[in-house]
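Okay, structure first, notes after.
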Amino acid sequence: VQLQASGGGLVQAGGSLRLSCAASGRTFSSGSVGWFRQAPGKEREFVAAINWVGGSTNYRDSVKGRFTISRDNAKNTVYLQMNSLKPEDTAVYYCAATQVHFSSGSTWWSSANGYDYWGQGTLVTVSS
């Protein structure tokens with residue numbers, strides 16, 4: 001499985017970007033996809049995740065209400081719509097996938113260790 005992340009760029013605070021994560025090599029009929037980010041000098045952190053089937057989602061608290069994760073099963077692509085961007089959102093954003101879907105009460109989806117496939121990352125820079 002190969003994941004291709006794209007859509008990053010430079011935007012002013014308050015602006016929007018949409019990231020895409022296109023999967024190739026196999027078609028996901030189940031499982032989940034997550035977005036993570038890593039700012040300079042900081043550890044990689046969870047941003048959002050979505051199940052391929054059903055579309056259940058999870059978000060880190062600091063992006064709730066501003067970011068929306070969605071998927072297009074026909075295109076094998078997951079999106080991260082980011083609105084009201086803040087300078088602290090500046091980071092390299094990575095998408096990751098696993099064949100396991102998350103269920104209510106589970107927490108593994110917020111850990112990078114829960115994913116088997118990773119994209120190359122796309123840089124998002126938010127200027128103040």
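Ordering of the structure tokens sets the chain letters (A, B, ...), residue numbers begin anew at 1 in every chain, and ligands are numbered from 1 in the order given.
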
query: Which polymer residues have any atom within 6 Å of an atom of region 13-23 of chain A, counting only C-alpha atoms, with same-chain residues fewer than 3 positions away left out, as number ranges by chain?
result: A: 2-7, 76-86, 126-128

Using only C-alpha atoms, determine which residues lie at most 12 Å from Ser30 (chain A), disregarding the query and same-chain residues fewer than 3 positions distant; provide the list as a tab-separated table (two decimals) with N, CA and C atoms, in the first residue's frame.
chain	number	residue	atom	x	y	z
A	26	ARG	N	-3.74	-1.10	-3.20
A	26	ARG	CA	-4.86	-1.94	-2.83
A	26	ARG	C	-6.04	-1.06	-2.51
A	27	THR	N	-7.20	-1.62	-2.57
A	27	THR	CA	-8.41	-0.87	-2.23
A	27	THR	C	-8.83	-1.25	-0.82
A	33	VAL	N	-8.09	5.45	8.46
A	33	VAL	CA	-7.01	6.35	8.05
A	33	VAL	C	-6.89	7.47	9.07
A	50	ILE	N	-10.52	8.46	10.59
A	50	ILE	CA	-11.82	8.11	10.03
A	50	ILE	C	-11.84	6.64	9.63
A	51	ASN	N	-12.99	6.00	9.84
A	51	ASN	CA	-13.18	4.63	9.37
A	51	ASN	C	-13.60	4.63	7.91
A	52	TRP	N	-13.05	3.72	7.10
A	52	TRP	CA	-13.47	3.63	5.71
A	52	TRP	C	-14.94	3.26	5.61
A	53	VAL	N	-15.38	2.33	6.44
A	53	VAL	CA	-16.77	1.90	6.44
A	53	VAL	C	-17.49	2.58	7.59
A	54	GLY	N	-18.55	3.26	7.26
A	54	GLY	CA	-19.33	3.95	8.28
A	54	GLY	C	-18.94	5.39	8.47
A	55	GLY	N	-17.66	5.72	8.29
A	55	GLY	CA	-17.22	7.10	8.38
A	55	GLY	C	-17.12	7.67	9.78
A	73	ASN	N	-14.65	6.85	-0.89
A	73	ASN	CA	-14.31	5.45	-1.08
A	73	ASN	C	-14.03	5.12	-2.54
A	76	ASN	N	-10.62	6.19	-3.23
A	76	ASN	CA	-9.64	5.69	-2.27
A	76	ASN	C	-8.82	6.83	-1.67
A	97	ALA	N	-2.48	4.64	7.47
A	97	ALA	CA	-3.62	3.73	7.29
A	97	ALA	C	-3.38	2.41	7.99
A	98	THR	N	-4.48	1.76	8.32
A	98	THR	CA	-4.44	0.43	8.90
A	98	THR	C	-5.66	-0.33	8.41
A	99	GLN	N	-5.58	-1.65	8.46
A	99	GLN	CA	-6.71	-2.47	8.04
A	99	GLN	C	-7.70	-2.70	9.18
A	100	VAL	N	-7.42	-2.12	10.32
A	100	VAL	CA	-8.29	-2.26	11.49
A	100	VAL	C	-9.17	-1.02	11.61
A	101	HIS	N	-10.46	-1.21	11.80
A	101	HIS	CA	-11.32	-0.06	12.02
A	101	HIS	C	-11.50	0.14	13.52
A	102	PHE	N	-11.65	1.39	13.91
A	102	PHE	CA	-11.80	1.65	15.35
A	102	PHE	C	-13.27	1.58	15.75

message: For a quick check of understanding, using only C-alpha atoms, which of A:Ala112, A:Glu45, A:Pro87, A:Gln12 has the smallest distance to Asp61 (chain A)?
response: A:Glu45

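Take CA of Ser104 (chain A) and CA of Asp116 (chain A): the distance between them is 20.7 Å.
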
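Residues of region 49-112 of chain A assigned to strand (DSSP E or B) by DSSP on this structure's backbone: Ala49, Ile50, Asn51, Thr57, Asn58, Tyr59, Phe67, Thr68, Ile69, Ser70, Arg71, Asp72, Thr77, Val78, Tyr79, Leu80, Gln81, Met82, Ala91, Val92, Tyr93, Tyr94, Cys95, Ala96, Ala97 and Thr98 of chain A.
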
- prompt: Please, which residues of region 10-121 of chain A, numbered as in this document, come out helix (DSSP H, G or I) from DSSP, as an MDAnalysis selection string?
  reply: chainID A and resid 61:63 73:75 87:89 108:110 112:114

What does the file look like for those residues with C-alpha atoms, as an mmCIF file, in the first residue's frame?
data_model
loop_
_atom_site.group_PDB
_atom_site.id
_atom_site.type_symbol
_atom_site.label_atom_id
_atom_site.label_comp_id
_atom_site.auth_asym_id
_atom_site.auth_seq_id
_atom_site.Cartn_x
_atom_site.Cartn_y
_atom_site.Cartn_z
ATOM 1 C CA ASP A 61 -9.400 18.526 20.982
ATOM 2 C CA SER A 62 -7.473 21.476 19.597
ATOM 3 C CA VAL A 63 -8.799 20.968 16.052
ATOM 4 C CA ASN A 73 -14.306 5.453 -1.082
ATOM 5 C CA ALA A 74 -14.598 5.473 -4.857
ATOM 6 C CA LYS A 75 -11.369 7.472 -5.148
ATOM 7 C CA PRO A 87 0.211 29.463 13.569
ATOM 8 C CA GLU A 88 0.349 26.550 16.003
ATOM 9 C CA ASP A 89 -1.067 24.299 13.266
ATOM 10 C CA TRP A 108 -5.410 3.037 19.657
ATOM 11 C CA TRP A 109 -6.348 5.259 16.735
ATOM 12 C CA SER A 110 -4.648 8.220 18.400
ATOM 13 C CA ALA A 112 1.111 6.338 15.552
ATOM 14 C CA ASN A 113 1.833 2.727 16.513
ATOM 15 C CA GLY A 114 -1.707 1.810 15.509
#

statement: The residue from A:Thr90, A:Ser111, A:Gln120, A:Ser56 with the smallest atom-to-atom distance to Val11 (chain A), counting only C-alpha atoms, is A:Thr90

Contact residues around Val92 (chain A) with only C-alpha atoms at 7 Å, ignoring same-chain residues under 4 positions, as a short mmCIF file (atom, residue, chain, number, x, y, z; two decimals) with all heavy atoms, in the first residue's frame:
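Once written, part35.cif looks like this:
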data_model
loop_
_atom_site.label_atom_id
_atom_site.label_comp_id
_atom_site.auth_asym_id
_atom_site.auth_seq_id
_atom_site.Cartn_x
_atom_site.Cartn_y
_atom_site.Cartn_z
N ARG A 37 0.58 14.99 12.71
CA ARG A 37 1.42 16.12 12.34
C ARG A 37 2.62 16.18 13.27
O ARG A 37 2.57 15.72 14.40
CB ARG A 37 0.64 17.44 12.40
CG ARG A 37 0.17 17.84 13.77
CD ARG A 37 -0.75 19.05 13.68
NE ARG A 37 -1.19 19.50 15.00
CZ ARG A 37 -2.10 20.45 15.19
NH1 ARG A 37 -2.67 21.06 14.13
NH2 ARG A 37 -2.44 20.81 16.41
N GLN A 38 3.68 16.77 12.75
CA GLN A 38 4.88 16.93 13.54
C GLN A 38 5.48 18.30 13.27
O GLN A 38 5.87 18.60 12.14
CB GLN A 38 5.90 15.83 13.20
CG GLN A 38 7.11 15.83 14.10
CD GLN A 38 7.92 14.56 13.99
OE1 GLN A 38 7.79 13.80 13.03
NE2 GLN A 38 8.75 14.29 14.98
N ALA A 39 5.51 19.10 14.32
CA ALA A 39 6.12 20.43 14.24
C ALA A 39 7.60 20.32 14.56
O ALA A 39 8.03 19.36 15.22
CB ALA A 39 5.42 21.36 15.23
N GLY A 121 4.25 12.81 3.91
CA GLY A 121 4.10 14.08 4.61
C GLY A 121 3.98 15.27 3.68
O GLY A 121 4.57 15.30 2.60
N THR A 122 3.23 16.25 4.12
CA THR A 122 3.07 17.50 3.36
C THR A 122 3.14 18.65 4.36
O THR A 122 2.55 18.59 5.43
CB THR A 122 1.75 17.50 2.56
OG1 THR A 122 1.67 18.68 1.76
CG2 THR A 122 0.53 17.39 3.46
N LEU A 123 3.89 19.69 4.01
CA LEU A 123 4.16 20.78 4.94
C LEU A 123 3.05 21.83 4.91
O LEU A 123 2.68 22.32 3.83
CB LEU A 123 5.50 21.44 4.59
CG LEU A 123 5.90 22.66 5.42
CD1 LEU A 123 6.06 22.29 6.90
CD2 LEU A 123 7.17 23.28 4.87
N VAL A 124 2.57 22.16 6.08
CA VAL A 124 1.59 23.23 6.26
C VAL A 124 2.23 24.32 7.09
O VAL A 124 2.69 24.06 8.20
CB VAL A 124 0.31 22.71 6.95
CG1 VAL A 124 -0.62 23.87 7.30
CG2 VAL A 124 -0.40 21.69 6.06
#
